[in-house]
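Asker: Next up is a structure, given as structure tokens.
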Amino acid sequence: MKFGVRRPLLAAAVALAFAFPAASMAADTIKLGVAGPHSGDLASYGLPTINAAKLVVAEVNARGGVNGMQVELLIEDDVCKPEVATNTATKLVSDGAHVVLGHICSGATKAALPIYKDAGVVVMSPSATNPALTQSGDYPNFFRTIAADDAQAQAEVDYALNVLGLKKIAVIHDKGDYGKGLAEFAKVFIEQSGKGEVVLYEGVTPGAVDYSAVVQKVKRSGAEAVIFGGYHPEASKIVTMMRKKRMNTQFISDDGVKDDTFIKVAGKHAEGVYATGPQDNSANPISVAAIAAHKTTYGTDPGAFYENAYSAAQALLNAIEQADSTDFDAVTKALRTTKTDTPVGNINFDERGDAVGVGFAMYQVRDGQFVEAK
Amino acid sequence: MDYFIELLFSGLTRGSIYALIALGYTMVYGIIGLINFAHGEIYMIGAFTSFVVATVLSIYGFPLLAIIVLAGVCAAIWSSAYGYTIEKMAYKPLRHAPRLSPLISAIGMSIFLQNYVLLAQTSDFLPFPELIPDFAFMEPYAHIVGSSDLMILVTTAVVMVALTILIKFTRIGKAMRATAQDRTMAMLVGINVDRIISATFIIGSSLAAIGGLLIASHIGQINFYIGFLAGIKAFTAAVLGGIGSIPGAVIGSLILGLTESFATGYISSDYEDVFAFSLLVLILIFKPSGILGKAETKKV
């Protein structure tokens with residue numbers, strides 16, 4: 001055990017978590033590595049993952065472990081730094097970690113992944129959102145329980161093409177990092193899908209007094225829908241202008257628009273507008289229970305990525321249980337094929353390693369409120 | 001062709017919006033040779049005042065026409081009070097200081113007013129009520145030009161004509177022209193120069209307030225920062241047309257609005273500012289005093 005517990009508050013939890021492994025140390029154990037920033041500036045992103053792992057492990061061990069084997073935690077700090085993360089990974093591999101929950105930061109994760117890959121260790125991050133981690137195909141050992149940065153654009157495009165069945169899309173953005181980044185992803189996804197075409201791709205100046213010229217251009221392009229990347233002030237101006245010009249073009253936007261101010265400002269013109277937003281887990285009993293467990297054990301509300309980490313720990317242990325082995329091929333196959341009930345939903349993983357169904361949901365303004373559009 | 005007409009109207013609307021603000025810049029510059037950078041904030045305060053008045057009156061169920069008129073009058077009075085006070089506080093003490101000092105003072109005033117409204121009101125966008133209804137007779141043309149666009153076009157035209165008459169044919173207009181030509185000489189022939197300057201600020205601020213009302217109603221939202229970009233564009237338009245000239249401000253604004261609109265329509269809205277400012281540079285190279293500006297011969 002390489003970490004010291006200073007706060008008496010944690011003592012009870014740790015005693016709970018390690019009571020069982022201590023009793024059965026002689027038998028084989030499943031070693032679950034936990035890596036992330038546990039000290040330094042970004043510790044607040046990494047520490048909730050330790051809490052989540054401890055709670056999940058305590059629960060699994062209490063009901064007899066994974067296929068009769070107790071689960072043991074190996075916790076290592078990477079301070080969110082790529083150069084430290086390689087050492088962290090080497091340490092975990094040489095300590096015999098079977099699977100790793102982490103890392104937290106995308107940069108550190110990317111640096112550590114080749115080491116785990118060579119050692120045949122499955123890694124699952126609750127928080128690394130860099131799209132290339134899964135999409136590059138370089139890391140077959142990598143999984144994550146959080147949506148990638150481009151997931152929002154993907155969700156918008158999927159909805160427009162597959163659910164609404166639209167073909168001609170105008171992509172507009174506000175020239176900002178967030179809006180333009182999203183719009184670029186959306187454009188690429190539409191073109192790759194082969195189901196629709198981008199009839200217009202334009203940036204507008206935020207704060208301009210009037211967007212009628214660009215709205216005329218949308219009309220002329222014959223677009224059936226506008227996908228807008230940006231924030232609500234511009235979105236409400238563009239929507240209002242489209243409706244004033246008697247256009248009924250669909251308007252699909254992002255979580256920068258999924259804000260009550262948008263509805264307040266755009267008023268009746270906001271009706272029917274679509275916007276993606278983070279999925280709502282508050283109705284999921286597992287999520288409620290996981291948060292309640294944190295409150296009882298640690299006395300505080302859970303921190304960043306807690307639910308994602310809780311889900312990742314559950315998914316990893318369930319996969320080992322289903323595979324009845326810690327063999328790399330068996331575990332990855334189980335992660336892809338069997339579903340696990342977690343706080344972020346009943347999930348499995350796609351070929352690339354992204355959790356299916358995790359991330360963004362589509363909402364629509366109906367009667368002055370954002371409601372989830374199925 | 002339809003597309004061309006649509007872009008033409010959207011450019012004219014945008015230009016008229018700039019013109020309502022640019023008139024204030026150009027009047028103040030014409031009289032005291034100062035670029036009043038706080039003018040964009042006067043416009044923003046006008047929009048906020050009409051927002052407050054219109055909200056209160058609509059709670060009491062006043063008819064729409066009464067709301068527009070009362071909100072416009074209140075906004076004009078309130079903004080004039082600000083314009084008058086700004087001149088007395090920030091510019092008058094610096095009237096004989098080097099030319100740069102009142103300019104810095106104006107920028108300071110602009111920052112002060114933005115932050116004052118930010119603290120006193122909110123940093124959020126506020127929904128501005130649609131004060132200009134959709135006229136029934138405009139319905140067949142609604143896809144080309146909206147009712148609020150039409151209202152802005154008409155108001156700008158009326159204001160420009162009224163202002164020209166005021167300056168050309170009234171006593172105060174004559175006094176304004178005299179002050180603009182030679183302040184010392186005007187004082188010698190018995191014109192109260194301070195009062196004329198105050199009057200200029202009051203008229204300019206009222207116009208900005210009416211602009212604030214119309215534009216906020218057209219866009220449907222306001223916040224403390226709207227004056228900045230609108231002010232910069234209107235200032236550009238005033239320089240383009242020849243700062244100090246009233247028809248020049250309107251012509252410059254319309255040219256700027258049309259350039260932006262056609263650049264967006266036929267090329268890309270990514271480049272609308274590039275075209276607008278390239279045009280400004282070109283005109284200033286070939287005609288440094290702007291389209292209708294008089295070459296400055298006097299030393300200030």
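Naming works like this for the structure tokens: A, B, ... for the chains as they're shown, residue 1 at the start of each chain, ligands 1 onward in shown order.
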Set the distance at 7 Å and use only C-alpha atoms: which residues neighbour Val198 in chain A once local chain neighbours fewer than 5 positions away are removed? I'd like the list as a PyMOL selection string.
Answerer: chain A and resi 168-171+187+190
Asker: Export C-alpha atoms of the chosen residues as an mmCIF file, in the first residue's frame?
Answerer:
```
data_model
loop_
_atom_site.group_PDB
_atom_site.id
_atom_site.type_symbol
_atom_site.label_atom_id
_atom_site.label_comp_id
_atom_site.auth_asym_id
_atom_site.auth_seq_id
_atom_site.Cartn_x
_atom_site.Cartn_y
_atom_site.Cartn_z
ATOM 1 C CA LYS A 168 -29.348 19.483 -47.358
ATOM 2 C CA ILE A 169 -27.643 21.064 -44.373
ATOM 3 C CA ALA A 170 -26.209 24.545 -43.881
ATOM 4 C CA VAL A 171 -23.427 24.636 -41.297
ATOM 5 C CA LYS A 187 -19.185 19.276 -41.827
ATOM 6 C CA ILE A 190 -22.048 15.005 -43.002
#
```
Asker: Contacts of Asn115 in chain B at 8 Å or less, counting only C-alpha atoms, minus same-chain residues fewer than 4 places along, as an mmCIF file with C-alpha atoms, in the first residue's frame?
Answerer:
```cif
data_model
loop_
_atom_site.group_PDB
_atom_site.id
_atom_site.type_symbol
_atom_site.label_atom_id
_atom_site.label_comp_id
_atom_site.auth_asym_id
_atom_site.auth_seq_id
_atom_site.Cartn_x
_atom_site.Cartn_y
_atom_site.Cartn_z
ATOM 1 C CA ILE B 111 -15.509 51.822 -20.417
ATOM 2 C CA LEU B 119 -23.102 46.162 -12.528
ATOM 3 C CA PHE B 224 -24.336 45.989 -21.808
#
```
Asker: Output as a ChimeraX atom specification all residues of range 199-235 of chain A that backbone DSSP marks as helix (DSSP H, G or I).
Answerer: /A:212-221,232-235
Asker: Could the residues in this selection be saved with N, CA and C atoms as a PDB file, in the first residue's frame?
Answerer:
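Wrote out.pdb, looks like this:
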```pdb
ATOM      1  N   SER A 212     -29.389  39.365 -41.418  1.00  0.00           N
ATOM      2  CA  SER A 212     -30.345  39.016 -42.474  1.00  0.00           C
ATOM      3  C   SER A 212     -29.650  38.550 -43.745  1.00  0.00           C
ATOM      4  N   ALA A 213     -28.451  39.082 -44.034  1.00  0.00           N
ATOM      5  CA  ALA A 213     -27.795  38.669 -45.281  1.00  0.00           C
ATOM      6  C   ALA A 213     -27.457  37.182 -45.246  1.00  0.00           C
ATOM      7  N   VAL A 214     -26.926  36.720 -44.108  1.00  0.00           N
ATOM      8  CA  VAL A 214     -26.542  35.311 -44.035  1.00  0.00           C
ATOM      9  C   VAL A 214     -27.786  34.432 -44.032  1.00  0.00           C
ATOM     10  N   VAL A 215     -28.877  34.957 -43.453  1.00  0.00           N
ATOM     11  CA  VAL A 215     -30.127  34.187 -43.452  1.00  0.00           C
ATOM     12  C   VAL A 215     -30.670  34.058 -44.880  1.00  0.00           C
ATOM     13  N   GLN A 216     -30.575  35.156 -45.658  1.00  0.00           N
ATOM     14  CA  GLN A 216     -30.977  35.085 -47.076  1.00  0.00           C
ATOM     15  C   GLN A 216     -30.175  34.021 -47.800  1.00  0.00           C
ATOM     16  N   LYS A 217     -28.904  33.946 -47.425  1.00  0.00           N
ATOM     17  CA  LYS A 217     -28.021  32.992 -48.084  1.00  0.00           C
ATOM     18  C   LYS A 217     -28.433  31.549 -47.751  1.00  0.00           C
ATOM     19  N   VAL A 218     -28.824  31.347 -46.509  1.00  0.00           N
ATOM     20  CA  VAL A 218     -29.310  30.023 -46.108  1.00  0.00           C
ATOM     21  C   VAL A 218     -30.529  29.666 -46.939  1.00  0.00           C
ATOM     22  N   LYS A 219     -31.425  30.650 -47.081  1.00  0.00           N
ATOM     23  CA  LYS A 219     -32.649  30.407 -47.834  1.00  0.00           C
ATOM     24  C   LYS A 219     -32.325  30.039 -49.278  1.00  0.00           C
ATOM     25  N   ARG A 220     -31.397  30.789 -49.864  1.00  0.00           N
ATOM     26  CA  ARG A 220     -31.045  30.566 -51.261  1.00  0.00           C
ATOM     27  C   ARG A 220     -30.386  29.203 -51.464  1.00  0.00           C
ATOM     28  N   SER A 221     -29.640  28.746 -50.442  1.00  0.00           N
ATOM     29  CA  SER A 221     -28.944  27.470 -50.570  1.00  0.00           C
ATOM     30  C   SER A 221     -29.912  26.291 -50.575  1.00  0.00           C
ATOM     31  N   HIS A 232     -25.826  31.077 -27.465  1.00  0.00           N
ATOM     32  CA  HIS A 232     -27.226  31.445 -27.658  1.00  0.00           C
ATOM     33  C   HIS A 232     -27.501  32.855 -28.176  1.00  0.00           C
ATOM     34  N   PRO A 233     -26.660  33.885 -27.894  1.00  0.00           N
ATOM     35  CA  PRO A 233     -27.051  35.211 -28.408  1.00  0.00           C
ATOM     36  C   PRO A 233     -27.150  35.245 -29.935  1.00  0.00           C
ATOM     37  N   GLU A 234     -26.154  34.636 -30.620  1.00  0.00           N
ATOM     38  CA  GLU A 234     -26.187  34.624 -32.081  1.00  0.00           C
ATOM     39  C   GLU A 234     -27.282  33.679 -32.564  1.00  0.00           C
ATOM     40  N   ALA A 235     -27.406  32.528 -31.865  1.00  0.00           N
ATOM     41  CA  ALA A 235     -28.418  31.557 -32.276  1.00  0.00           C
ATOM     42  C   ALA A 235     -29.799  32.192 -32.256  1.00  0.00           C
TER      43      ALA A 235
END
```
Asker: Near chain A, which residues of chain B fall within 6 Å when you count only C-alpha atoms, and what do they look like as a count of residues only?
Answerer: 9
Asker: Using only C-alpha atoms, determine which residues lie at most 7 Å from range 235-239 of chain B, disregarding the query and same-chain residues fewer than 6 positions distant; provide the list as a list in words.
Answerer: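 Once the adjacent positions are removed, what remains is Ala22, Tyr25, Thr26, Gly248, Ala249, Gly252, Ser253, Leu256 and Gly290 of chain B.
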Asker: Next, write the just-selected residues to a file, as a CSV table (one decimal), in the first residue's frame, keeping all heavy atoms as the atom set.
Answerer:
```csv
chain,number,residue,atom,x,y,z
B,22,ALA,N,-24.3,56.8,-36.4
B,22,ALA,CA,-23.2,57.6,-37.0
B,22,ALA,C,-23.5,59.1,-37.0
B,22,ALA,O,-22.6,59.9,-36.9
B,22,ALA,CB,-23.0,57.1,-38.4
B,25,TYR,N,-22.1,60.7,-33.9
B,25,TYR,CA,-20.6,60.9,-34.0
B,25,TYR,C,-20.2,62.1,-34.9
B,25,TYR,O,-19.4,62.9,-34.5
B,25,TYR,CB,-20.0,59.7,-34.7
B,25,TYR,CG,-19.7,58.5,-33.8
B,25,TYR,CD1,-20.4,57.3,-33.9
B,25,TYR,CD2,-18.6,58.5,-33.0
B,25,TYR,CE1,-20.1,56.3,-33.1
B,25,TYR,CE2,-18.3,57.5,-32.2
B,25,TYR,CZ,-19.1,56.3,-32.2
B,25,TYR,OH,-18.8,55.3,-31.4
B,26,THR,N,-20.9,62.2,-36.0
B,26,THR,CA,-20.5,63.2,-37.0
B,26,THR,C,-20.9,64.6,-36.5
B,26,THR,O,-20.2,65.6,-36.7
B,26,THR,CB,-21.1,62.8,-38.3
B,26,THR,OG1,-20.2,63.2,-39.3
B,26,THR,CG2,-22.5,63.5,-38.6
B,248,GLY,N,-23.1,62.9,-45.3
B,248,GLY,CA,-21.9,62.0,-45.4
B,248,GLY,C,-22.1,60.8,-44.5
B,248,GLY,O,-21.8,59.7,-44.9
B,249,ALA,N,-22.5,61.1,-43.2
B,249,ALA,CA,-22.7,60.0,-42.3
B,249,ALA,C,-23.7,59.0,-42.8
B,249,ALA,O,-23.5,57.7,-42.7
B,249,ALA,CB,-23.1,60.5,-40.9
B,252,GLY,N,-22.2,57.2,-46.0
B,252,GLY,CA,-21.1,56.3,-45.5
B,252,GLY,C,-21.8,55.0,-44.9
B,252,GLY,O,-21.3,53.9,-45.1
B,253,SER,N,-22.8,55.2,-44.1
B,253,SER,CA,-23.4,54.1,-43.4
B,253,SER,C,-24.1,53.1,-44.4
B,253,SER,O,-23.9,51.9,-44.3
B,253,SER,CB,-24.5,54.6,-42.4
B,253,SER,OG,-23.9,55.4,-41.5
B,256,LEU,N,-21.4,51.2,-46.2
B,256,LEU,CA,-20.9,50.2,-45.4
B,256,LEU,C,-21.8,49.0,-45.3
B,256,LEU,O,-21.4,47.8,-45.4
B,256,LEU,CB,-20.6,50.7,-44.0
B,256,LEU,CG,-19.8,49.8,-43.1
B,256,LEU,CD1,-18.4,49.7,-43.6
B,256,LEU,CD2,-19.7,50.4,-41.7
B,290,GLY,N,-12.8,61.6,-46.5
B,290,GLY,CA,-14.1,60.9,-46.6
B,290,GLY,C,-14.8,61.4,-47.9
B,290,GLY,O,-14.5,62.3,-48.5
```
Asker: With only C-alpha atoms as the counted atoms, please give the residues lying no more than 8 Å from Pro131 in chain A, apart from itself and same-chain residues fewer than 3 positions off, as a PDB file with N, CA, C and O atoms, in the first residue's frame.
Answerer:
```pdb
ATOM      1  N   THR A 134      -9.581   7.255 -29.410  1.00  0.00           N
ATOM      2  CA  THR A 134     -10.281   6.069 -29.892  1.00  0.00           C
ATOM      3  C   THR A 134     -10.297   6.022 -31.410  1.00  0.00           C
ATOM      4  O   THR A 134     -10.154   4.955 -31.995  1.00  0.00           O
ATOM      5  N   GLN A 135     -10.412   7.188 -32.058  1.00  0.00           N
ATOM      6  CA  GLN A 135     -10.657   7.176 -33.498  1.00  0.00           C
ATOM      7  C   GLN A 135      -9.426   6.833 -34.329  1.00  0.00           C
ATOM      8  O   GLN A 135      -9.541   6.405 -35.468  1.00  0.00           O
ATOM      9  N   ALA A 148     -16.446  11.741 -26.539  1.00  0.00           N
ATOM     10  CA  ALA A 148     -15.315  12.476 -27.088  1.00  0.00           C
ATOM     11  C   ALA A 148     -15.743  13.903 -27.433  1.00  0.00           C
ATOM     12  O   ALA A 148     -16.931  14.209 -27.498  1.00  0.00           O
ATOM     13  N   ASP A 149     -14.739  14.760 -27.648  1.00  0.00           N
ATOM     14  CA  ASP A 149     -15.028  16.160 -27.957  1.00  0.00           C
ATOM     15  C   ASP A 149     -15.936  16.328 -29.171  1.00  0.00           C
ATOM     16  O   ASP A 149     -16.677  17.291 -29.272  1.00  0.00           O
ATOM     17  N   ASP A 150     -15.826  15.412 -30.112  1.00  0.00           N
ATOM     18  CA  ASP A 150     -16.617  15.581 -31.326  1.00  0.00           C
ATOM     19  C   ASP A 150     -17.973  14.886 -31.253  1.00  0.00           C
ATOM     20  O   ASP A 150     -18.717  14.875 -32.214  1.00  0.00           O
TER      21      ASP A 150
END
```
Asker: I'd like the neighbourhood of Glu307 in chain A as JSON, numbers by chain, where a residue qualifies if any of its atoms comes within 7 Å (using only C-alpha atoms), though same-chain residues fewer than 4 positions away should be ignored.
Answerer: {"A": [287, 311, 343, 344]}
Asker: Write the residues you've just listed into a file as an mmCIF file, in the first residue's frame, and include all heavy atoms for each of them.
Answerer:
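Okay, again25.cif is ready:
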```
data_model
loop_
_atom_site.group_PDB
_atom_site.id
_atom_site.type_symbol
_atom_site.label_atom_id
_atom_site.label_comp_id
_atom_site.auth_asym_id
_atom_site.auth_seq_id
_atom_site.Cartn_x
_atom_site.Cartn_y
_atom_site.Cartn_z
ATOM 1 N N SER A 287 -27.239 5.780 -10.697
ATOM 2 C CA SER A 287 -26.553 7.047 -10.497
ATOM 3 C C SER A 287 -26.917 7.653 -9.143
ATOM 4 O O SER A 287 -26.059 8.122 -8.392
ATOM 5 C CB SER A 287 -26.921 8.006 -11.638
ATOM 6 O OG SER A 287 -26.649 9.319 -11.276
ATOM 7 N N SER A 311 -18.788 4.187 -13.360
ATOM 8 C CA SER A 311 -19.239 3.335 -14.459
ATOM 9 C C SER A 311 -18.084 2.539 -15.032
ATOM 10 O O SER A 311 -18.235 1.349 -15.355
ATOM 11 C CB SER A 311 -19.845 4.194 -15.569
ATOM 12 O OG SER A 311 -20.834 5.027 -15.037
ATOM 13 N N PRO A 343 -24.034 4.018 -13.683
ATOM 14 C CA PRO A 343 -24.676 5.327 -13.486
ATOM 15 C C PRO A 343 -24.897 6.094 -14.790
ATOM 16 O O PRO A 343 -25.810 6.915 -14.875
ATOM 17 C CB PRO A 343 -23.689 6.080 -12.594
ATOM 18 C CG PRO A 343 -22.992 5.015 -11.826
ATOM 19 C CD PRO A 343 -22.889 3.858 -12.774
ATOM 20 N N VAL A 344 -24.063 5.878 -15.820
ATOM 21 C CA VAL A 344 -24.283 6.609 -17.069
ATOM 22 C C VAL A 344 -25.136 5.810 -18.055
ATOM 23 O O VAL A 344 -25.242 6.178 -19.219
ATOM 24 C CB VAL A 344 -22.954 7.032 -17.753
ATOM 25 C CG1 VAL A 344 -22.198 8.021 -16.900
ATOM 26 C CG2 VAL A 344 -22.086 5.830 -18.075
#
```
Asker: Looking only at strand (DSSP E or B) from DSSP on the backbone, list the matching residues of range 95-159 of chain A as a list in words.
Answerer: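 Restricting range 95-159 of chain A to strand (DSSP E or B) produces Val99, Val100, Leu101, Val122, Val123, Met124, Ser125, Phe142, Phe143 and Arg144 of chain A.
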